[in-house]
Amino acid sequence: MTADEFAVELLTTVVVGAEDEETARRACSELVRRTDGRIVQSVDCSDEEPGCRSVTLARTTSAPASGNQAAALSRAVRELLNALGPGFTGARVSCEPPSAWTVIDDPALVGSLVARGERVLVEAWSTTGETGFTGEVASAAEAGPLTGPSHQSPAQPSRSEGHPGNHLDP
């Protein structure tokens with residue numbers, strides 16, 4: 001990384017139908033290959049969805065420090081979506097620095113990449129540089145699994161109180 005760049009942590013969290021950690025990790029092998037990431041967390045979310053695990057992958061990259069940070073973070077999410085394949089590229093990306101994110105809630109599409117995959121959360125977090133954010137930056141790995149009704153398809157976004165984003169509610 002040069003002085004003209006800032007670090008971006010890309011996190012990809014997938015909810016997968018799997019009874020154990022080994023099965024969940026194996027199911028994510030193609031996702032690991034396409035994102036060039038590494039598995040950093042696997043959580044049992046059977047309490048919320050029986051037979052389900054949340055697997056989070058991480059990869060650090062860089063983005064240009066000049067210009068609009070929101071655009072750079074959104075671009076990082078879109079580039080990762082492009083790496084996943086053509087079906088993933090139309091997702092709506094929300095951004096509020098220090099992060100940008102999208103949710104793909106399409107079991108057929110996600111299942112084409114991850115066996116028994118249900119939904120994917122892709123996040124880009126600025127880990128250095130000016131963000132205009134005064135609080136502590138938490139990662140998806142610290143936030144926990146992507147489960148429950150609060151996560152909706154990008155085609156049906158909702159504004160969460162904790163993460164308002166830069167998009168309009170339908």
# chains A, B, ... in the order shown; residues from 1 in each chain; ligands from 1

call {"tool": "residues_around", "arguments": {"residues": "Ala58 (chain A)", "least_positions_apart": "6", "cutoff": "6 Å", "atoms": "only C-alpha atoms", "output": "list of chain:residue names"}}
result
A:Leu10, A:Leu11, A:Gly37, A:Arg38

call {"tool": "select_by_dssp", "arguments": {"residues": "region 1-125 of chain A", "states": "strand (DSSP E or B)", "output": "PyMOL selection string"}}
result
chain A and resi 5-17+38-44+52-64+94-96+99-104+117-125

call {"tool": "closest_residue", "arguments": {"among": "A:Ala27, A:Arg34, A:Thr89, A:Glu79", "to": "Arg53 (chain A)", "atoms": "only C-alpha atoms"}}
result
A:Ala27

call {"tool": "residues_around", "arguments": {"residues": "Ala108 (chain A)", "least_positions_apart": "6", "cutoff": "10 Å", "atoms": "only C-alpha atoms", "output": "PyMOL selection string"}}
result
chain A and resi 114-119

call {"tool": "atom_distance", "arguments": {"atom1": "CA of Ala63 (chain A)", "atom2": "CA of Leu84 (chain A)"}}
result
19.5 Å

call {"tool": "closest_residue", "arguments": {"among": "A:Ser42, A:Asp36, A:Pro97, A:Thr56", "to": "Leu121 (chain A)", "atoms": "only C-alpha atoms"}}
result
A:Thr56

call {"tool": "atom_distance", "arguments": {"atom1": "CA of Glu9 (chain A)", "atom2": "CA of Glu48 (chain A)"}}
result
27.2 Å

call {"tool": "residues_around", "arguments": {"residues": "Leu109 (chain A)", "least_positions_apart": "2", "cutoff": "10 Å", "atoms": "only C-alpha atoms", "output": "list in words"}}
result
Gly85, Gly87, Phe88, Ile104, Asp105, Asp106, Pro107, Gly111, Ser112, Leu113, Val114, Gly117, Glu118, Arg119 and Val120 of chain A

call {"tool": "atom_distance", "arguments": {"atom1": "CA of Asp20 (chain A)", "atom2": "CA of Ile39 (chain A)"}}
result
14.9 Å

call {"tool": "closest_residue", "arguments": {"among": "A:Thr12, A:Ser74, A:Glu96, A:Thr35", "to": "Leu57 (chain A)", "atoms": "only C-alpha atoms"}}
result
A:Thr12

call {"tool": "decode", "arguments": {"residues": "region 53-66 of chain A", "atoms": "all heavy atoms", "output": "PDB file, in the first residue's frame"}}
result
ATOM      1  N   ARG A  53     -25.079 -22.535   9.443  1.00  0.00           N
ATOM      2  CA  ARG A  53     -23.835 -21.936   9.932  1.00  0.00           C
ATOM      3  C   ARG A  53     -23.574 -20.662   9.156  1.00  0.00           C
ATOM      4  O   ARG A  53     -23.961 -20.535   7.994  1.00  0.00           O
ATOM      5  CB  ARG A  53     -22.662 -22.888   9.759  1.00  0.00           C
ATOM      6  CG  ARG A  53     -22.788 -24.121  10.663  1.00  0.00           C
ATOM      7  CD  ARG A  53     -21.507 -24.853  10.812  1.00  0.00           C
ATOM      8  NE  ARG A  53     -20.516 -24.158  11.597  1.00  0.00           N
ATOM      9  CZ  ARG A  53     -20.403 -24.217  12.921  1.00  0.00           C
ATOM     10  NH1 ARG A  53     -21.231 -24.931  13.619  1.00  0.00           N
ATOM     11  NH2 ARG A  53     -19.440 -23.578  13.536  1.00  0.00           N
ATOM     12  N   SER A  54     -22.901 -19.732   9.785  1.00  0.00           N
ATOM     13  CA  SER A  54     -22.462 -18.497   9.157  1.00  0.00           C
ATOM     14  C   SER A  54     -20.951 -18.583   9.010  1.00  0.00           C
ATOM     15  O   SER A  54     -20.250 -18.842   9.991  1.00  0.00           O
ATOM     16  CB  SER A  54     -22.850 -17.320  10.057  1.00  0.00           C
ATOM     17  OG  SER A  54     -22.209 -16.148   9.642  1.00  0.00           O
ATOM     18  N   VAL A  55     -20.452 -18.401   7.794  1.00  0.00           N
ATOM     19  CA  VAL A  55     -19.019 -18.472   7.536  1.00  0.00           C
ATOM     20  C   VAL A  55     -18.572 -17.110   6.998  1.00  0.00           C
ATOM     21  O   VAL A  55     -19.164 -16.585   6.052  1.00  0.00           O
ATOM     22  CB  VAL A  55     -18.685 -19.577   6.514  1.00  0.00           C
ATOM     23  CG1 VAL A  55     -17.193 -19.621   6.227  1.00  0.00           C
ATOM     24  CG2 VAL A  55     -19.179 -20.932   7.011  1.00  0.00           C
ATOM     25  N   THR A  56     -17.535 -16.534   7.612  1.00  0.00           N
ATOM     26  CA  THR A  56     -17.023 -15.229   7.197  1.00  0.00           C
ATOM     27  C   THR A  56     -15.624 -15.376   6.628  1.00  0.00           C
ATOM     28  O   THR A  56     -14.758 -15.995   7.244  1.00  0.00           O
ATOM     29  CB  THR A  56     -17.001 -14.239   8.388  1.00  0.00           C
ATOM     30  OG1 THR A  56     -18.330 -14.116   8.905  1.00  0.00           O
ATOM     31  CG2 THR A  56     -16.494 -12.873   7.963  1.00  0.00           C
ATOM     32  N   LEU A  57     -15.425 -14.776   5.451  1.00  0.00           N
ATOM     33  CA  LEU A  57     -14.132 -14.730   4.787  1.00  0.00           C
ATOM     34  C   LEU A  57     -13.628 -13.298   4.819  1.00  0.00           C
ATOM     35  O   LEU A  57     -14.434 -12.362   4.792  1.00  0.00           O
ATOM     36  CB  LEU A  57     -14.249 -15.149   3.315  1.00  0.00           C
ATOM     37  CG  LEU A  57     -14.531 -16.607   3.016  1.00  0.00           C
ATOM     38  CD1 LEU A  57     -15.947 -16.992   3.332  1.00  0.00           C
ATOM     39  CD2 LEU A  57     -14.246 -16.867   1.560  1.00  0.00           C
ATOM     40  N   ALA A  58     -12.318 -13.120   4.855  1.00  0.00           N
ATOM     41  CA  ALA A  58     -11.737 -11.776   4.866  1.00  0.00           C
ATOM     42  C   ALA A  58     -10.595 -11.697   3.866  1.00  0.00           C
ATOM     43  O   ALA A  58      -9.916 -12.684   3.586  1.00  0.00           O
ATOM     44  CB  ALA A  58     -11.221 -11.437   6.262  1.00  0.00           C
ATOM     45  N   ARG A  59     -10.412 -10.488   3.350  1.00  0.00           N
ATOM     46  CA  ARG A  59      -9.282 -10.186   2.476  1.00  0.00           C
ATOM     47  C   ARG A  59      -9.020  -8.693   2.596  1.00  0.00           C
ATOM     48  O   ARG A  59      -9.948  -7.894   2.604  1.00  0.00           O
ATOM     49  CB  ARG A  59      -9.607 -10.533   1.028  1.00  0.00           C
ATOM     50  CG  ARG A  59      -8.499 -10.166   0.063  1.00  0.00           C
ATOM     51  CD  ARG A  59      -8.767 -10.707  -1.327  1.00  0.00           C
ATOM     52  NE  ARG A  59      -9.901 -10.094  -1.968  1.00  0.00           N
ATOM     53  CZ  ARG A  59      -9.813  -9.145  -2.901  1.00  0.00           C
ATOM     54  NH1 ARG A  59      -8.649  -8.710  -3.292  1.00  0.00           N
ATOM     55  NH2 ARG A  59     -10.904  -8.659  -3.445  1.00  0.00           N
ATOM     56  N   THR A  60      -7.767  -8.320   2.709  1.00  0.00           N
ATOM     57  CA  THR A  60      -7.401  -6.911   2.776  1.00  0.00           C
ATOM     58  C   THR A  60      -6.891  -6.476   1.415  1.00  0.00           C
ATOM     59  O   THR A  60      -6.126  -7.179   0.765  1.00  0.00           O
ATOM     60  CB  THR A  60      -6.332  -6.666   3.854  1.00  0.00           C
ATOM     61  OG1 THR A  60      -6.856  -7.118   5.109  1.00  0.00           O
ATOM     62  CG2 THR A  60      -5.987  -5.198   3.969  1.00  0.00           C
ATOM     63  N   THR A  61      -7.343  -5.318   0.993  1.00  0.00           N
ATOM     64  CA  THR A  61      -6.914  -4.733  -0.270  1.00  0.00           C
ATOM     65  C   THR A  61      -6.697  -3.239  -0.035  1.00  0.00           C
ATOM     66  O   THR A  61      -6.699  -2.788   1.099  1.00  0.00           O
ATOM     67  CB  THR A  61      -7.964  -5.011  -1.376  1.00  0.00           C
ATOM     68  OG1 THR A  61      -7.454  -4.583  -2.632  1.00  0.00           O
ATOM     69  CG2 THR A  61      -9.286  -4.342  -1.099  1.00  0.00           C
ATOM     70  N   SER A  62      -6.504  -2.486  -1.093  1.00  0.00           N
ATOM     71  CA  SER A  62      -6.317  -1.048  -0.937  1.00  0.00           C
ATOM     72  C   SER A  62      -7.187  -0.313  -1.942  1.00  0.00           C
ATOM     73  O   SER A  62      -7.656  -0.887  -2.924  1.00  0.00           O
ATOM     74  CB  SER A  62      -4.845  -0.677  -1.134  1.00  0.00           C
ATOM     75  OG  SER A  62      -4.428  -1.021  -2.440  1.00  0.00           O
ATOM     76  N   ALA A  63      -7.403   0.960  -1.661  1.00  0.00           N
ATOM     77  CA  ALA A  63      -8.193   1.822  -2.536  1.00  0.00           C
ATOM     78  C   ALA A  63      -7.520   3.180  -2.586  1.00  0.00           C
ATOM     79  O   ALA A  63      -6.802   3.558  -1.652  1.00  0.00           O
ATOM     80  CB  ALA A  63      -9.613   1.952  -2.001  1.00  0.00           C
ATOM     81  N   PRO A  64      -7.726   3.934  -3.669  1.00  0.00           N
ATOM     82  CA  PRO A  64      -7.110   5.259  -3.772  1.00  0.00           C
ATOM     83  C   PRO A  64      -7.561   6.178  -2.646  1.00  0.00           C
ATOM     84  O   PRO A  64      -8.748   6.242  -2.331  1.00  0.00           O
ATOM     85  CB  PRO A  64      -7.604   5.786  -5.126  1.00  0.00           C
ATOM     86  CG  PRO A  64      -8.100   4.591  -5.864  1.00  0.00           C
ATOM     87  CD  PRO A  64      -8.521   3.593  -4.835  1.00  0.00           C
ATOM     88  N   ALA A  65      -6.621   6.889  -2.034  1.00  0.00           N
ATOM     89  CA  ALA A  65      -6.943   7.797  -0.931  1.00  0.00           C
ATOM     90  C   ALA A  65      -7.527   9.105  -1.440  1.00  0.00           C
ATOM     91  O   ALA A  65      -8.216   9.803  -0.720  1.00  0.00           O
ATOM     92  CB  ALA A  65      -5.702   8.069  -0.090  1.00  0.00           C
ATOM     93  N   SER A  66      -7.229   9.468  -2.677  1.00  0.00           N
ATOM     94  CA  SER A  66      -7.762  10.710  -3.224  1.00  0.00           C
ATOM     95  C   SER A  66      -9.192  10.482  -3.691  1.00  0.00           C
ATOM     96  O   SER A  66      -9.588   9.370  -4.035  1.00  0.00           O
ATOM     97  CB  SER A  66      -6.899  11.181  -4.393  1.00  0.00           C
ATOM     98  OG  SER A  66      -6.922  10.220  -5.415  1.00  0.00           O
TER      99      SER A  66
END
